[in-house]
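Engineer: So that we are looking at the same thing, I have put the structure below in structure tokens.
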Amino acid sequence: LAAAIKGGAVTVNGTAVTKPSAAVRAGDVVALSVLPPPPLEAAPEPIPLDVVYEDEHLLVVNKRAGMVTHPAPGNWGGTLVNAVLHHCG
């Protein structure tokens with residue numbers, strides 16, 4: 001939220017507020033413009049998978065403990081999604 005405020009995405013009574021410490025009072029109208037997140041693109045990575053079962057419609061894997069399931073901030077690679085993309089690619 002602080003980044004949105006600093007980026008000018010928050011207005012109070014129609015005026016952009018750029019300081020997270022800005023005070024608001026009862027009756028103030030606060031608006032936040034939320035932009036859609038950028039699209040995520042996961043790349044295939046040759047990560048070993050413990051495949052329990054596989055056919056043309058289904059893939060069952062035994063995900064190892066600690067493996068992140070999908071890319072997200074802080075973990076853009078090395079995830080189960082990256083491994084499955086490589087396996088099925």
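Residue numbering restarts at 1 in every chain; chains get A, B, ... in the order shown in the structure tokens, and ligands count up from 1 in that same order.
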Show which residues sit within 12 Å of Ala31 (chain A), as a tab-separated table (two decimals) with N, CA and C atoms, in the first residue's frame. Count only C-alpha atoms, and ignore same-chain residues fewer than 3 positions away.

Structural biologist:
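Output below, filename around37.tsv:
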```
chain	number	residue	atom	x	y	z
A	4	ALA	N	1.92	2.08	-3.44
A	4	ALA	CA	0.83	2.67	-4.23
A	4	ALA	C	0.66	4.15	-3.86
A	5	ILE	N	0.76	4.45	-2.58
A	5	ILE	CA	0.64	5.85	-2.14
A	5	ILE	C	1.79	6.67	-2.73
A	8	GLY	N	1.47	7.62	-6.32
A	8	GLY	CA	0.39	8.52	-6.71
A	8	GLY	C	-0.93	7.83	-7.03
A	9	ALA	N	-1.08	6.57	-6.63
A	9	ALA	CA	-2.30	5.83	-6.93
A	9	ALA	C	-3.41	6.07	-5.91
A	10	VAL	N	-3.11	6.87	-4.88
A	10	VAL	CA	-4.11	7.16	-3.84
A	10	VAL	C	-4.44	8.65	-3.86
A	11	THR	N	-5.74	8.94	-3.80
A	11	THR	CA	-6.18	10.33	-3.69
A	11	THR	C	-7.02	10.49	-2.43
A	12	VAL	N	-6.95	11.68	-1.87
A	12	VAL	CA	-7.81	12.05	-0.75
A	12	VAL	C	-8.54	13.31	-1.18
A	13	ASN	N	-9.85	13.21	-1.23
A	13	ASN	CA	-10.69	14.32	-1.68
A	13	ASN	C	-10.27	14.80	-3.07
A	14	GLY	N	-9.88	13.87	-3.95
A	14	GLY	CA	-9.54	14.19	-5.32
A	14	GLY	C	-8.12	14.66	-5.54
A	15	THR	N	-7.33	14.75	-4.49
A	15	THR	CA	-5.94	15.20	-4.61
A	15	THR	C	-5.01	14.03	-4.34
A	16	ALA	N	-4.03	13.84	-5.24
A	16	ALA	CA	-3.07	12.74	-5.07
A	16	ALA	C	-2.28	12.94	-3.79
A	17	VAL	N	-2.11	11.85	-3.06
A	17	VAL	CA	-1.32	11.84	-1.83
A	17	VAL	C	-0.12	10.95	-2.08
A	24	VAL	N	-5.71	11.51	7.40
A	24	VAL	CA	-7.06	11.62	6.86
A	24	VAL	C	-8.00	11.90	8.02
A	28	ASP	N	-13.36	12.43	4.88
A	28	ASP	CA	-12.49	12.45	3.69
A	28	ASP	C	-12.87	11.29	2.77
A	34	VAL	N	-6.11	0.70	-8.58
A	34	VAL	CA	-5.35	-0.54	-8.59
A	34	VAL	C	-5.18	-1.00	-10.02
```

Engineer: Would you return as a list in words the members of chain A that DSSP assigns to helix (DSSP H, G or I) on this structure's backbone?

Structural biologist: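 Those residues are Ala2, Ala3, Ala4, Ile5, Lys6, Leu80, Val81, Asn82, Ala83, Val84, Leu85, His86, His87 and Cys88 of chain A.
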
Engineer: As number ranges by chain, list the residues of chain A assigned to strand (DSSP E or B) by DSSP on the backbone atoms of this structure.

Structural biologist: A: 10-12, 15-17, 30-32, 51-54, 59-61, 72, 75

Engineer: CA of Val68 (chain A) and CA of Glu45 (chain A), how far apart in Å?

Structural biologist: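 Separating CA of Glu45 (chain A) from CA of Val68 (chain A) is a distance of 13.4 Å.
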
Engineer: Taking 5 positions as the minimum chain separation for residues in the same chain, which residues sit within 12 Å of His87 (chain A) when counting only C-alpha atoms? Answer as a ChimeraX atom specification.

Structural biologist: /A:43-51,54,59-61,80-82

Engineer: Given the selection you just returned, output its residues as a file containing N, CA and C atoms, formatted as a CSV table (one decimal), in the first residue's frame.

Structural biologist:
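Output file out00.csv follows:
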```csv
chain,number,residue,atom,x,y,z
A,43,ALA,N,8.9,-20.2,-17.1
A,43,ALA,CA,9.7,-20.9,-18.1
A,43,ALA,C,10.0,-22.3,-17.7
A,44,PRO,N,10.1,-23.2,-18.6
A,44,PRO,CA,10.4,-24.6,-18.3
A,44,PRO,C,11.8,-24.7,-17.7
A,45,GLU,N,12.0,-25.5,-16.7
A,45,GLU,CA,13.3,-25.7,-16.1
A,45,GLU,C,13.5,-27.2,-15.9
A,46,PRO,N,14.7,-27.7,-16.2
A,46,PRO,CA,15.0,-29.1,-16.0
A,46,PRO,C,15.2,-29.5,-14.5
A,47,ILE,N,14.1,-29.6,-13.8
A,47,ILE,CA,14.1,-29.9,-12.4
A,47,ILE,C,13.6,-31.3,-12.2
A,48,PRO,N,14.3,-32.2,-11.5
A,48,PRO,CA,13.8,-33.6,-11.4
A,48,PRO,C,12.4,-33.6,-10.7
A,49,LEU,N,11.6,-34.5,-11.2
A,49,LEU,CA,10.2,-34.7,-10.6
A,49,LEU,C,10.1,-36.2,-10.2
A,50,ASP,N,9.4,-36.4,-9.1
A,50,ASP,CA,9.1,-37.8,-8.6
A,50,ASP,C,7.7,-38.1,-9.2
A,51,VAL,N,7.7,-38.6,-10.4
A,51,VAL,CA,6.4,-38.9,-11.1
A,51,VAL,C,5.8,-40.2,-10.6
A,54,GLU,N,1.5,-41.2,-14.8
A,54,GLU,CA,1.4,-40.3,-15.9
A,54,GLU,C,0.7,-41.0,-17.1
A,59,LEU,N,-1.1,-36.1,-14.8
A,59,LEU,CA,0.3,-36.3,-14.2
A,59,LEU,C,0.2,-36.2,-12.7
A,60,VAL,N,0.6,-37.2,-12.0
A,60,VAL,CA,0.6,-37.2,-10.5
A,60,VAL,C,2.1,-37.2,-10.1
A,61,VAL,N,2.5,-36.2,-9.3
A,61,VAL,CA,3.8,-36.1,-8.8
A,61,VAL,C,3.8,-36.0,-7.3
A,80,LEU,N,7.5,-26.0,-8.9
A,80,LEU,CA,6.8,-27.2,-9.4
A,80,LEU,C,6.3,-26.9,-10.8
A,81,VAL,N,5.8,-25.7,-11.0
A,81,VAL,CA,5.3,-25.3,-12.4
A,81,VAL,C,6.4,-25.3,-13.4
A,82,ASN,N,7.5,-24.8,-13.0
A,82,ASN,CA,8.7,-24.8,-14.0
A,82,ASN,C,9.1,-26.2,-14.3
```

Engineer: Calculate how many Å separate CA of Thr69 (chain A) from CA of Gly89 (chain A), rounding to one decimal.

Structural biologist: 17.6 Å

Engineer: When you look at Glu41 (chain A) with a cut-off of 12 Å (counting only C-alpha atoms), what residues show up, excluding the ones that are within fewer than 4 positions of it in the same chain? I need them as a ChimeraX atom specification.

Structural biologist: /A:70-72,76-77,81-82,85

Engineer: Just the number, please: distance in Å from CA of Ala2 (chain A) to CA of Ala23 (chain A), one decimal.

Structural biologist: 13.6 Å

Engineer: Have a look at A:Val84, A:Pro37, A:Asn62, A:Lys6 and name the one nearest to Ala22 (chain A); count only C-alpha atoms.

Structural biologist: A:Lys6
